[in-house]
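Asks: For reference, the file input-v6.cif (mmCIF, C-alpha atoms and all ligand atoms) is included below:
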```cif
data_query
loop_
_atom_site.label_atom_id
_atom_site.label_comp_id
_atom_site.auth_asym_id
_atom_site.auth_seq_id
_atom_site.Cartn_x
_atom_site.Cartn_y
_atom_site.Cartn_z
CA MET A 1 1.92 23.20 -38.90
CA ASN A 2 4.26 21.27 -41.17
CA ILE A 3 5.55 17.79 -40.43
CA ARG A 4 8.82 19.03 -38.96
CA HIS A 5 7.00 21.28 -36.53
CA ALA A 6 4.70 18.45 -35.57
CA ALA A 7 7.66 16.15 -34.87
CA LEU A 8 9.37 18.84 -32.83
CA LEU A 9 6.23 19.45 -30.83
CA ALA A 10 5.80 15.74 -30.15
CA LEU A 11 9.41 15.52 -28.97
CA THR A 12 9.01 18.55 -26.73
CA LEU A 13 5.87 17.12 -25.17
CA ALA A 14 7.55 13.75 -24.65
CA CYS A 15 10.47 15.44 -22.88
CA ALA A 16 8.17 17.54 -20.72
CA ASN A 17 6.31 14.40 -19.78
CA ALA A 18 9.51 12.50 -18.97
CA HIS A 19 10.55 15.40 -16.82
CA ALA A 20 7.23 15.42 -14.96
CA ASP A 21 7.67 11.70 -14.25
CA ASP A 22 11.19 12.22 -12.94
CA ALA A 23 9.73 14.86 -10.68
CA LEU A 24 7.27 12.38 -9.18
CA TYR A 25 10.04 9.93 -8.29
CA GLU A 26 12.06 12.83 -6.88
CA GLN A 27 9.13 13.86 -4.71
CA PHE A 28 9.43 10.50 -2.99
CA GLY A 29 13.11 11.17 -2.31
CA GLU A 30 14.33 8.77 -5.01
CA ARG A 31 15.71 5.40 -3.91
CA ALA A 32 16.71 6.44 -0.37
CA GLY A 33 13.42 8.20 0.34
CA LEU A 34 11.37 5.37 -1.07
CA THR A 35 13.26 2.79 0.99
CA LYS A 36 12.50 4.81 4.15
CA ILE A 37 8.82 5.12 3.21
CA VAL A 38 8.52 1.36 2.64
CA ASP A 39 10.28 0.67 5.98
CA ASP A 40 7.84 2.99 7.77
CA MET A 41 4.87 1.52 5.93
CA TYR A 42 5.90 -1.97 6.96
CA ASP A 43 6.21 -0.86 10.62
CA ASN A 44 2.69 0.58 10.35
CA VAL A 45 1.32 -2.58 8.74
CA LEU A 46 2.76 -4.74 11.55
CA ALA A 47 1.37 -2.39 14.22
CA ASP A 48 -2.06 -2.37 12.55
CA PRO A 49 -4.39 -5.15 13.77
CA ARG A 50 -6.25 -5.02 10.45
CA THR A 51 -3.16 -6.01 8.45
CA ALA A 52 -0.65 -7.58 10.89
CA PRO A 53 -2.13 -11.12 10.82
CA TYR A 54 -1.52 -11.40 7.08
CA PHE A 55 2.19 -10.86 7.62
CA ASP A 56 2.84 -13.61 10.20
CA ASN A 57 5.93 -15.47 8.98
CA ALA A 58 6.17 -13.30 5.87
CA PRO A 59 9.66 -12.75 4.40
CA VAL A 60 10.08 -9.11 5.53
CA LYS A 61 13.35 -8.32 3.80
CA ARG A 62 12.22 -9.69 0.46
CA ILE A 63 8.81 -8.00 0.54
CA LYS A 64 10.36 -4.61 1.35
CA GLN A 65 12.90 -4.94 -1.44
CA LYS A 66 10.27 -5.96 -4.01
CA LEU A 67 7.90 -3.23 -2.86
CA VAL A 68 10.57 -0.57 -3.30
CA GLU A 69 11.20 -1.82 -6.84
CA GLN A 70 7.52 -1.95 -7.67
CA ILE A 71 6.63 1.49 -6.31
CA CYS A 72 9.72 2.92 -8.03
CA VAL A 73 8.39 1.56 -11.35
CA LEU A 74 4.93 3.04 -10.62
CA LEU A 75 6.61 6.40 -10.02
CA ASP A 76 8.39 6.03 -13.37
CA GLY A 77 11.72 5.83 -11.59
CA PRO A 78 14.74 4.00 -13.02
CA CYS A 79 13.95 0.55 -11.61
CA VAL A 80 12.91 -2.92 -12.70
CA TYR A 81 10.44 -5.04 -10.73
CA THR A 82 11.94 -8.49 -10.13
CA GLY A 83 9.23 -9.90 -7.84
CA ARG A 84 6.42 -12.35 -8.48
CA PRO A 85 3.19 -11.33 -10.21
CA MET A 86 0.67 -9.68 -7.85
CA ARG A 87 -2.06 -12.21 -8.48
CA ARG A 88 0.06 -15.26 -7.71
CA THR A 89 1.72 -13.59 -4.67
CA HIS A 90 -1.56 -12.75 -2.94
CA GLU A 91 -3.60 -15.76 -3.96
CA GLY A 92 -5.38 -17.55 -1.11
CA GLN A 93 -4.57 -14.88 1.49
CA ASN A 94 -8.23 -13.85 1.90
CA ILE A 95 -7.43 -10.20 1.25
CA ASP A 96 -10.62 -8.15 1.15
CA ARG A 97 -11.45 -4.48 0.63
CA ALA A 98 -11.05 -3.68 4.35
CA ALA A 99 -7.54 -5.17 4.47
CA PHE A 100 -6.58 -3.41 1.24
CA ASN A 101 -7.85 -0.04 2.48
CA ALA A 102 -6.03 -0.53 5.78
CA LEU A 103 -2.74 -1.16 3.98
CA VAL A 104 -3.31 1.95 1.85
CA GLU A 105 -3.87 4.01 5.03
CA ASP A 106 -0.63 2.60 6.46
CA LEU A 107 1.14 3.72 3.29
CA GLN A 108 -0.44 7.19 3.49
CA ALA A 109 0.79 7.61 7.07
CA ALA A 110 4.31 6.66 5.94
CA MET A 111 4.17 9.15 3.05
CA ASP A 112 2.94 11.90 5.42
CA LYS A 113 5.72 11.14 7.87
CA ASN A 114 8.30 11.48 5.11
CA GLY A 115 6.91 14.73 3.73
CA VAL A 116 5.67 13.50 0.35
CA PRO A 117 3.50 16.30 -1.12
CA PHE A 118 -0.22 15.53 -1.14
CA HIS A 119 -0.62 15.65 -4.93
CA ALA A 120 2.33 13.26 -5.36
CA GLN A 121 0.76 10.88 -2.81
CA ASN A 122 -2.47 10.93 -4.80
CA LYS A 123 -0.67 10.08 -8.02
CA LEU A 124 0.74 6.93 -6.45
CA LEU A 125 -2.57 5.99 -4.82
CA ALA A 126 -4.34 6.34 -8.17
CA LYS A 127 -1.91 3.80 -9.63
CA LEU A 128 -2.30 1.39 -6.70
CA ALA A 129 -6.10 1.46 -6.54
CA PRO A 130 -6.70 -0.69 -9.65
CA MET A 131 -4.31 -3.33 -8.26
CA TYR A 132 -7.02 -4.33 -5.80
CA ARG A 133 -8.43 -6.69 -8.39
CA ASP A 134 -5.11 -8.55 -8.45
CA VAL A 135 -4.63 -8.90 -4.67
CA GLN A 136 -8.23 -9.56 -3.59
CA ASP A 137 -9.33 -13.07 -2.79
CA ARG A 138 -11.26 -14.77 -5.53
CA GLU A 139 -13.30 -17.92 -5.35
C1 LIG A 201 -1.63 -2.41 -4.11
C2 LIG A 201 -1.44 -3.16 -3.05
C3 LIG A 201 -0.31 -4.13 -2.86
C4 LIG A 201 0.91 -4.19 -3.48
C5 LIG A 201 1.47 -3.27 -4.56
C6 LIG A 201 1.62 -5.32 -2.90
C7 LIG A 201 2.89 -5.71 -3.26
C8 LIG A 201 3.54 -6.84 -2.79
C9 LIG A 201 4.84 -7.30 -3.24
C10 LIG A 201 5.70 -6.59 -4.28
C11 LIG A 201 5.11 -8.45 -2.59
C12 LIG A 201 6.38 -9.33 -2.74
C13 LIG A 201 6.29 -10.18 -4.01
C14 LIG A 201 7.39 -11.22 -4.10
O1 LIG A 201 7.68 -11.88 -3.09
O2 LIG A 201 7.94 -11.40 -5.19
C15 LIG A 201 3.99 -8.71 -1.71
C16 LIG A 201 3.88 -9.79 -0.86
C17 LIG A 201 2.93 -9.90 0.13
N1 LIG A 201 1.83 -9.10 0.30
FE1 LIG A 201 1.29 -7.53 -0.86
N2 LIG A 201 0.82 -5.92 -1.97
C18 LIG A 201 -0.35 -5.22 -1.91
C19 LIG A 201 -1.42 -5.46 -1.08
C20 LIG A 201 -1.39 -6.35 -0.03
C21 LIG A 201 -2.41 -6.45 1.01
C22 LIG A 201 -3.67 -5.57 1.08
C23 LIG A 201 -2.00 -7.41 1.87
C24 LIG A 201 -2.66 -7.90 3.13
C25 LIG A 201 -3.29 -7.10 3.95
C26 LIG A 201 -0.74 -7.95 1.36
C27 LIG A 201 -0.02 -8.98 1.92
C28 LIG A 201 1.14 -9.52 1.41
C29 LIG A 201 1.84 -10.67 1.99
C30 LIG A 201 1.42 -11.43 3.25
C31 LIG A 201 2.96 -10.93 1.17
C32 LIG A 201 4.00 -12.06 1.35
C33 LIG A 201 3.55 -13.27 0.56
C34 LIG A 201 4.56 -14.40 0.67
O3 LIG A 201 5.73 -14.26 0.27
O4 LIG A 201 4.18 -15.45 1.17
N3 LIG A 201 -0.40 -7.27 0.22
N4 LIG A 201 3.05 -7.74 -1.86
#
```
Turn this file's structure into structure tokens for me.
Ligand code: HEM
Replies:
Amino acid sequence: MNIRHAALLALTLACANAHADDALYEQFGERAGLTKIVDDMYDNVLADPRTAPYFDNAPVKRIKQKLVEQICVLLDGPCVYTGRPMRRTHEGQNIDRAAFNALVEDLQAAMDKNGVPFHAQNKLLAKLAPMYRDVQDRE
């Protein structure tokens, strides 16, 4: 393969990849679908005794808006996250593994309700899982 072929191949792969990422964001229904999923997730979180206490007096509108931005970025959608860093936001809230898993289940239920395909759900969950280390409570 000469250098021109290699460059062309790299470009083709980059485009295919960009397309795959667009597809993930599309599978969440783009901005409108994602907004609905975050609304439903928040309803679930407030109805869930494992997570509700954390959200007493929390700024609902702001959190929803920042969550939509953040998940959109994780899905490689055309968004910018304008919220606070995860670590600083969740500091001192005593979030443990049980609370984190509960919130993830509440998100899964919202994705199911809105018809997000299973493999697309898993792609998002795989990106959220490592964020546990930023939201957990540390001494
Ligand atoms: C991967 C998991 C999580 C993500 C991506 C996430 C994301 C966010 C975002 C984007 C905000 C708003 C940031 C801002 O105001 O600029 C926020 C705030 C908040 N999150 Fe999370 N969060 C996660 C896990 C959790 C868990 C497990 C809990 C508790 C069960 C939790 C409780 C809260 C609370 C109470 C606030 C409001 C804090 C305040 O403004 O005083 N979060 N989160």
Asks: Please list as a PDB file with C-alpha atoms, keeping the file's coordinate frame every residue within 8 Å of segment 34-43 of chain A, counting only C-alpha atoms and excluding residues in the same chain fewer than 2 positions away.
Replies:
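See out18.pdb below for the written result:
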```
ATOM      1  CA  PHE A  28       9.430  10.500  -2.990  1.00  0.00           C
ATOM      2  CA  GLY A  29      13.110  11.170  -2.310  1.00  0.00           C
ATOM      3  CA  GLU A  30      14.330   8.770  -5.010  1.00  0.00           C
ATOM      4  CA  ARG A  31      15.710   5.400  -3.910  1.00  0.00           C
ATOM      5  CA  ALA A  32      16.710   6.440  -0.370  1.00  0.00           C
ATOM      6  CA  VAL A  45       1.320  -2.580   8.740  1.00  0.00           C
ATOM      7  CA  LEU A  46       2.760  -4.740  11.550  1.00  0.00           C
ATOM      8  CA  ALA A  47       1.370  -2.390  14.220  1.00  0.00           C
ATOM      9  CA  LYS A  64      10.360  -4.610   1.350  1.00  0.00           C
ATOM     10  CA  LEU A  67       7.900  -3.230  -2.860  1.00  0.00           C
ATOM     11  CA  VAL A  68      10.570  -0.570  -3.300  1.00  0.00           C
ATOM     12  CA  CYS A  72       9.720   2.920  -8.030  1.00  0.00           C
ATOM     13  CA  ASP A 106      -0.630   2.600   6.460  1.00  0.00           C
ATOM     14  CA  LEU A 107       1.140   3.720   3.290  1.00  0.00           C
ATOM     15  CA  ALA A 109       0.790   7.610   7.070  1.00  0.00           C
ATOM     16  CA  ALA A 110       4.310   6.660   5.940  1.00  0.00           C
ATOM     17  CA  MET A 111       4.170   9.150   3.050  1.00  0.00           C
ATOM     18  CA  ASN A 114       8.300  11.480   5.110  1.00  0.00           C
TER      19      ASN A 114
END
```
Asks: Please find the residues contacting ligand LIG 201 (chain A) at a distance of at most 6 Å between atoms, with only C-alpha atoms and all ligand atoms counted, and report them as an MDAnalysis selection string.
Replies: chainID A and resid 51 54:55 58:59 63 66:67 83:84 89:90 95 99:100 103 128 131:132 135
Asks: Between A:Pro117, A:Val104, A:Asp134, A:Asn44, which is the closest to Pro85 of chain A once you count only C-alpha atoms?
Replies: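 Residue with the minimum atom-to-atom distance to Pro85 of chain A: A:Asp134.
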Asks: What does the structure give for the distance between atom CA of Ala52 of chain A and atom CA of Arg97 of chain A, in Å to one decimal?
Replies: 15.2 Å
Asks: For a test of reading the model, state the distance in Å between atom CA of Ala120 of chain A and atom CA of Glu105 of chain A, rounded to one decimal.
Replies: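 Here the two named atoms are 15.2 Å from each other.
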Asks: Kindly provide, as lines of an AutoDock Vina configuration file, the centre and edge lengths (Å, one decimal) of an axis-aligned box around all atoms of segment 116-122 of chain A given in the file, with 4 Å on each side.
Replies:
```
center_x = 1.6
center_y = 13.6
center_z = -2.5
size_x = 16.1
size_y = 13.4
size_z = 13.7
```
Asks: To one decimal place, how far is atom CA of Pro78 of chain A from atom CA of Tyr25 of chain A in Å?
Replies: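 Between these atoms lies a distance of 8.9 Å.
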Asks: Excluding Gln70 of chain A and its own-chain neighbours fewer than 4 positions away, which residues fall within 9 Å of it when counting only C-alpha atoms? Please give them as a VMD selection string.
Replies: chain A and resid 65 to 66 74 to 75 79 to 83
Asks: Calculated over only C-alpha atoms, which of the candidates A:Ala23, A:Gln136, A:Ala98, A:Gly33 has the smallest distance to Gly115 of chain A?
Replies: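 Among the listed residues, A:Gly33 lies closest to Gly115 of chain A.
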Asks: Using all atoms listed in the file, which protein or nucleic acid residues come within 8 Å of Asp137 of chain A? Drop anything in the same chain fewer than 4 positions from it, and give the result as number ranges by chain.
Replies: A: 90-96
